[in-house]
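Student: There's a structure below that I have some questions on.
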Amino acid sequence: MFATKAASLLLRRSAISGGSSSSSIAAIASLRTGFANGDVRSMSSTVGTFDLTGSFETYNLDTAPNNSVEMTKEELLKHFELMYTMRRMEITCDNEYKARAIRGFCHLYDGQEAVATGINAAFEPEDSWITSYRCHCVALARGGSVSSILAELFGNIGGATEGKGGSMHFYNKAANFYGGQGIVGAQVPVGLGLAFANYYNATPGKPMQVAIACYGDGAANQGQIWESANMASLWNLPMIFCIENNHYGMGTSQDRHSSHSDYYKMGNHIPGVRIDGMNVLAVKEGMRFVKEWVGAGNGPMYVEMMTYRYHGHSMSDPGTTYRNREEIALTRSTRDPIELVKRTLIDAGFADAEQIKDIEKVIRKNVASECKLAKASPKTSVEPHLYDYVYSSDGGKKMNEFPPHIRMPDFAKSKWY
Ligand SMILES: Cc1ncc(C[n+]2csc(CCOP(=O)(O)OP(=O)(O)O)c2C)c(N)n1
Ligand SMILES: [Mg+2]
């Protein structure tokens with residue numbers, strides 16, 4: 001387990017030339033939340049070098065991620081803002097689920113925010129990303145809006161997949177996000193296909209775009225993952241096998257479901273990196289290293305993100321019967337990924353506590369209004385929406401075509417209302 005320390009400011013802090021701080025802060029604010037934050041105008045643009053010693057372990061590699069990372073104030077604030085938006089969005093989902101506005105499956109990501117944020121920071125938009133059912137925050141990182149995510153959960157037409165997919169099935173082809181998957185591990189062979197496509201379409205002599213498949217510690221021993229790893233290694237594909245180790249598969253702890261606890265070593269001869277998944281700076285630097293190595297044609301890599309989920313597995317799981325409340329409270333008080341960014345911002349002199357509170361206030365307000373917007377979107381109806389894009393042979397023009405050998409349900413007989 002990683003030492004629980006704030007990312008500490010190393011070496012230097014210096015002014016970046018050009019660009020006023022107020023405009024960059026406003027740009028960060030408006031990027032995701034659509035507002036200009038005038039209260040933080042007095043901050044000056046700076047860059048810091050942050051110590052990452054102890055954040056990585058490597059396997060079968062003679063190189064490693066750097067033990068420090070340089071980051072500007074603007075970038076760190078942007079990460080803070082995204083992570084805090086994720087946290088508020090997941091808390092909103094929890095409340096809306098309890099109010100019965102969201103039904104069905106719902107798996108929350110709070111606690112794991114640094115993983116999606118750091119991967120996104122290291123990736124280019126052209127890299128491919130596929131993940132499990134715990135996908136709301138990846139959808140947000142990959143360019144989704146809070147309102148489109150919440151509308152999807154409400155089953156409304158304004159949702160990311162027009163309210164037809166729900167919690168586990170976000171998808172954004174334009175952003176190379178190939179979705180959440182309800183079947184444990186299913187994203188890994190599909191991710192391998194994405195890696196193959198990137199390999200196939202690569203420009204000779206240039207780095208390849210990579211593909212990442214994120215899955216859990218509970219999925220990591222599945223047979224289809226070994227098969228994918230074999231193929232990825234055999235063909236030197238730019239594939240990242242990323243295990244988000246939150247230490248539980250539903251209600252079963254890692255010690256009870258896996259004979260092997262070093263997930264980053266699970267690829268046998270395939271190299272691996274273990275990363276402190278509660279530190280967004282470490283995730284970004286670790287993934288920069290992984291993307292560069294994999295994209296250079298060295299073959300696949302295993303990555304293990306050491307992280308934690310605060311909520312139970314899904315909404316029906318209180319999350320306290322197979323682990324004790326002290327463990328959750330201790331993680332919150334010593335390893336929380338958002339608190340770490342806040343402390344880092346303050347220690348670096350990038351922001352003070354008041355400025356951070358102001359940003360949080362605006363984000364909370366903004367998530368609440370995005371939720372209202374999502375609720376105002378009309379319900380997706382069975383007819384005509386449900387069958388759009390199913391077995392369409394007309395390039396997705398919604399003609400509702402499907403081959404005659406597919407037996408579709410009888411609308412009239414299957415109505416329950
Ligand atoms: C093939 C398959 N088996 C079982 C399930 C039921 N199931 C859903 S999530 C889950 C646990 C997965 O845990 P992990 O991979 O650690 O991911 P986490 O939920 O912790 O993110 C199980 C067994 C499923 N959806 N698909
Ligand atoms: Mg797990």
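By convention in this document, the chains of the structure tokens carry letters A, B, ... by their order, each chain's residues are numbered from 1, and ligands are numbered from 1 in the order they are shown.
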From a DSSP calculation on the backbone, collect every residue of segment 190-342 of chain A in strand (DSSP E) and output the set as number ranges by chain.
Tutor: A: 211-216, 239-245, 248-249, 252-253, 272-276, 301-306
Student: 9 Å from ligand 1 is the threshold here; counting only C-alpha atoms and all ligand atoms, which polymer residues fall inside it? Answer as a compact mmCIF listing (two decimals) with N, CA and C atoms, in the first residue's frame.
Tutor:
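Output (part.txt):
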# COMPACT_ATOMS: atom_id res chain seq x y z
N HIS A 107 -23.75 2.32 -10.18
CA HIS A 107 -22.48 2.09 -9.48
C HIS A 107 -21.71 3.40 -9.43
N LEU A 108 -21.40 3.84 -8.23
CA LEU A 108 -20.79 5.16 -8.06
C LEU A 108 -19.26 5.08 -7.99
N TYR A 109 -18.63 6.19 -8.35
CA TYR A 109 -17.17 6.22 -8.54
C TYR A 109 -16.47 7.08 -7.48
N SER A 132 -15.69 -0.40 -17.26
CA SER A 132 -16.76 -1.25 -16.71
C SER A 132 -18.04 -0.43 -16.54
N TYR A 133 -18.98 -1.01 -15.80
CA TYR A 133 -20.24 -0.34 -15.46
C TYR A 133 -20.02 0.89 -14.58
N ARG A 134 -18.86 1.01 -13.91
CA ARG A 134 -18.61 2.15 -13.00
C ARG A 134 -18.08 3.31 -13.85
N GLN A 181 -19.58 -1.20 -19.56
CA GLN A 181 -20.05 -2.55 -19.90
C GLN A 181 -20.63 -3.19 -18.64
N GLY A 182 -21.80 -3.78 -18.79
CA GLY A 182 -22.45 -4.41 -17.64
C GLY A 182 -21.88 -5.78 -17.31
N ILE A 183 -21.24 -6.41 -18.27
CA ILE A 183 -20.70 -7.75 -18.04
C ILE A 183 -19.25 -7.62 -17.58
N VAL A 184 -18.99 -8.15 -16.40
CA VAL A 184 -17.65 -8.00 -15.82
C VAL A 184 -16.59 -8.55 -16.78
N GLY A 185 -15.61 -7.75 -17.08
CA GLY A 185 -14.46 -8.17 -17.91
C GLY A 185 -14.69 -8.06 -19.41
N ALA A 186 -15.94 -7.88 -19.84
CA ALA A 186 -16.25 -7.90 -21.28
C ALA A 186 -15.53 -6.79 -22.04
N TYR A 215 -10.68 -2.18 -15.69
CA TYR A 215 -11.53 -3.20 -15.06
C TYR A 215 -11.10 -3.33 -13.60
N GLY A 216 -11.87 -4.11 -12.84
CA GLY A 216 -11.64 -4.14 -11.40
C GLY A 216 -10.78 -5.31 -10.95
N ASP A 217 -10.43 -5.28 -9.66
CA ASP A 217 -9.67 -6.39 -9.06
C ASP A 217 -10.48 -7.68 -9.15
N GLY A 218 -11.81 -7.55 -9.06
CA GLY A 218 -12.67 -8.74 -9.12
C GLY A 218 -12.69 -9.38 -10.50
N ALA A 219 -12.46 -8.57 -11.53
CA ALA A 219 -12.48 -9.07 -12.91
C ALA A 219 -11.14 -9.65 -13.32
N ALA A 220 -10.08 -9.28 -12.60
CA ALA A 220 -8.72 -9.45 -13.09
C ALA A 220 -8.30 -10.91 -13.32
N GLN A 222 -10.24 -13.25 -14.69
CA GLN A 222 -11.07 -13.90 -15.73
C GLN A 222 -10.23 -14.44 -16.88
N ILE A 243 -6.05 -2.18 -14.17
CA ILE A 243 -6.86 -2.72 -13.06
C ILE A 243 -7.06 -1.61 -12.02
N GLU A 244 -8.32 -1.21 -11.84
CA GLU A 244 -8.63 -0.23 -10.79
C GLU A 244 -8.87 -1.03 -9.52
N ASN A 245 -7.81 -1.16 -8.73
CA ASN A 245 -7.90 -2.01 -7.55
C ASN A 245 -8.48 -1.23 -6.38
N ASN A 246 -9.81 -1.39 -6.20
CA ASN A 246 -10.46 -0.75 -5.05
C ASN A 246 -10.64 -1.76 -3.92
N HIS A 247 -10.01 -2.91 -4.06
CA HIS A 247 -9.86 -3.94 -3.02
C HIS A 247 -11.09 -4.80 -2.76
N TYR A 248 -12.16 -4.56 -3.50
CA TYR A 248 -13.37 -5.38 -3.33
C TYR A 248 -14.00 -5.67 -4.68
N GLY A 249 -14.49 -6.91 -4.83
CA GLY A 249 -15.35 -7.25 -5.95
C GLY A 249 -16.72 -7.51 -5.33
N MET A 250 -17.65 -6.64 -5.55
CA MET A 250 -18.93 -6.60 -4.81
C MET A 250 -18.62 -6.64 -3.31
N GLY A 251 -19.07 -7.68 -2.60
CA GLY A 251 -18.81 -7.71 -1.15
C GLY A 251 -17.66 -8.63 -0.77
N THR A 252 -16.82 -8.99 -1.74
CA THR A 252 -15.72 -9.92 -1.43
C THR A 252 -14.39 -9.19 -1.50
N SER A 253 -13.64 -9.27 -0.42
CA SER A 253 -12.37 -8.54 -0.39
C SER A 253 -11.34 -9.24 -1.27
N GLN A 254 -10.39 -8.49 -1.70
CA GLN A 254 -9.32 -8.97 -2.58
C GLN A 254 -8.64 -10.22 -2.00
N TYR A 308 -9.80 3.29 -4.04
CA TYR A 308 -10.80 2.89 -3.03
C TYR A 308 -12.16 3.44 -3.43
N ARG A 309 -13.22 2.63 -3.23
CA ARG A 309 -14.55 3.19 -3.47
C ARG A 309 -15.24 3.43 -2.13
N GLY A 312 -20.95 1.61 -1.44
CA GLY A 312 -21.03 0.17 -1.64
C GLY A 312 -20.89 -0.14 -3.12
N HIS A 313 -20.92 -1.44 -3.43
CA HIS A 313 -20.74 -1.83 -4.83
C HIS A 313 -21.74 -1.14 -5.75
N SER A 314 -23.02 -1.22 -5.38
CA SER A 314 -24.05 -0.51 -6.14
C SER A 314 -25.05 0.01 -5.11
Student: Which neighbours of segment 155-172 of chain A fall inside 7 Å, counting only C-alpha atoms, when residues of the same chain fewer than 4 positions from it are skipped, and could you give them as an MDAnalysis selection string?
Tutor: chainID A and resid 105:106 133:135 139 148:151 176:182 374 377:380 386
Student: May I have the residues within 9 Å of Asn60 of chain A as an MDAnalysis selection string, using only C-alpha atoms and disregarding those fewer than 6 positions away in the same chain?
Tutor: chainID A and resid 265 268:272
Student: Deliver the residues from the most recent selection as a file, using N, CA and C atoms, as a compact mmCIF listing (two decimals), in the first residue's frame.
Tutor:
# COMPACT_ATOMS: atom_id res chain seq x y z
N LYS A 265 1.64 -7.39 -11.76
CA LYS A 265 2.56 -8.45 -12.21
C LYS A 265 1.82 -9.57 -12.91
N ASN A 268 2.44 -11.88 -16.53
CA ASN A 268 3.62 -12.75 -16.69
C ASN A 268 4.78 -11.95 -17.28
N HIS A 269 5.09 -12.18 -18.54
CA HIS A 269 6.23 -11.47 -19.13
C HIS A 269 5.87 -10.04 -19.54
N ILE A 270 4.57 -9.70 -19.54
CA ILE A 270 4.17 -8.33 -19.91
C ILE A 270 4.53 -7.39 -18.75
N PRO A 271 5.22 -6.29 -19.04
CA PRO A 271 5.61 -5.38 -17.96
C PRO A 271 4.42 -4.74 -17.26
N GLY A 272 4.66 -4.24 -16.07
CA GLY A 272 3.57 -3.62 -15.32
C GLY A 272 4.05 -2.46 -14.46
Student: Dump as JSON lines the rows for residues of segment 92-141 of chain A within 9 Å of segment 208-214 of chain A: closest atom pair and distance in Å with one decimal, only C-alpha atoms counted, ordered by chain and rising residue number.
Tutor:
{"residue": "A:Phe123", "atom": "CA", "partner": "A:Val210", "partner_atom": "CA", "distance": 8.6}
{"residue": "A:Glu124", "atom": "CA", "partner": "A:Gln209", "partner_atom": "CA", "distance": 8.1}
{"residue": "A:Glu126", "atom": "CA", "partner": "A:Gln209", "partner_atom": "CA", "distance": 6.5}
{"residue": "A:Asp127", "atom": "CA", "partner": "A:Gln209", "partner_atom": "CA", "distance": 5.1}
{"residue": "A:Ser128", "atom": "CA", "partner": "A:Ala211", "partner_atom": "CA", "distance": 4.5}
{"residue": "A:Trp129", "atom": "CA", "partner": "A:Ile212", "partner_atom": "CA", "distance": 5.0}
{"residue": "A:Ile130", "atom": "CA", "partner": "A:Ala213", "partner_atom": "CA", "distance": 5.0}
{"residue": "A:Thr131", "atom": "CA", "partner": "A:Cys214", "partner_atom": "CA", "distance": 4.6}
{"residue": "A:Ser132", "atom": "CA", "partner": "A:Cys214", "partner_atom": "CA", "distance": 6.6}
Student: Go ahead and save the picked residues with C-alpha atoms, as an mmCIF file, in the first residue's frame.
Tutor:
data_model
loop_
_atom_site.group_PDB
_atom_site.id
_atom_site.type_symbol
_atom_site.label_atom_id
_atom_site.label_comp_id
_atom_site.auth_asym_id
_atom_site.auth_seq_id
_atom_site.Cartn_x
_atom_site.Cartn_y
_atom_site.Cartn_z
ATOM 1 C CA PHE A 123 -4.192 10.835 -22.878
ATOM 2 C CA GLU A 124 -4.900 12.460 -26.216
ATOM 3 C CA GLU A 126 -7.531 10.103 -30.214
ATOM 4 C CA ASP A 127 -6.648 7.389 -27.676
ATOM 5 C CA SER A 128 -9.391 4.827 -27.072
ATOM 6 C CA TRP A 129 -10.931 4.161 -23.680
ATOM 7 C CA ILE A 130 -13.324 1.465 -22.532
ATOM 8 C CA THR A 131 -14.379 0.642 -18.988
ATOM 9 C CA SER A 132 -16.761 -1.248 -16.707
#
Student: Please report as CSV every residue of segment 326-347 of chain A lying within 12 Å of segment 66-78 of chain A, along with the nearest atom pair and their distance in Å (one decimal), using only C-alpha atoms.
Tutor:
residue,atom,partner,partner_atom,distance
A:Ile338,CA,A:Leu77,CA,11.1
A:Leu340,CA,A:Leu76,CA,11.2
A:Val341,CA,A:Leu76,CA,7.6
A:Lys342,CA,A:Leu77,CA,9.0
A:Arg343,CA,A:Leu76,CA,11.3
A:Thr344,CA,A:Leu76,CA,8.8
A:Leu345,CA,A:Leu76,CA,7.3
A:Ile346,CA,A:Lys73,CA,10.6
A:Asp347,CA,A:Lys73,CA,11.7
Student: Write out as a PyMOL selection string the residues lying within 12 Å of Gly277 of chain A, counting only C-alpha atoms and excluding same-chain residues fewer than 4 positions away.
Tutor: chain A and resi 1-4+55-56+111-119+242-246+273+281-287+303-309+335-338+340
Student: Could you tell me which of A:His311, A:Ser228, A:Thr53, A:Asn201 comes closest to ligand 2 if we count only C-alpha atoms and all ligand atoms?
Tutor: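 Closest residue, counting only C-alpha atoms and all ligand atoms: A:His311.
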Student: From segment 234-352 of chain A, collect each residue whose DSSP state is helix (DSSP H, G or I) and return the set as a ChimeraX atom specification.
Tutor: /A:234,254-257,263-265,280-298,325-335,337-347
Student: Atom CA of Ala122 of chain A to atom CA of Trp293 of chain A: how many Å, to one decimal?
Tutor: 12.6 Å
Student: Between A:Asn221, A:Val290, A:Leu82, A:Thr321, which one has atoms that come closest to Ser258 of chain A, using only C-alpha atoms?
Tutor: A:Asn221
Student: At a cut-off of 7 Å, using only C-alpha atoms, what residues contact segment 362-366 of chain A? Leave out same-chain residues fewer than 2 positions from it and give the result as a ChimeraX atom specification.
Tutor: /A:33,85,88,358-360,368-370
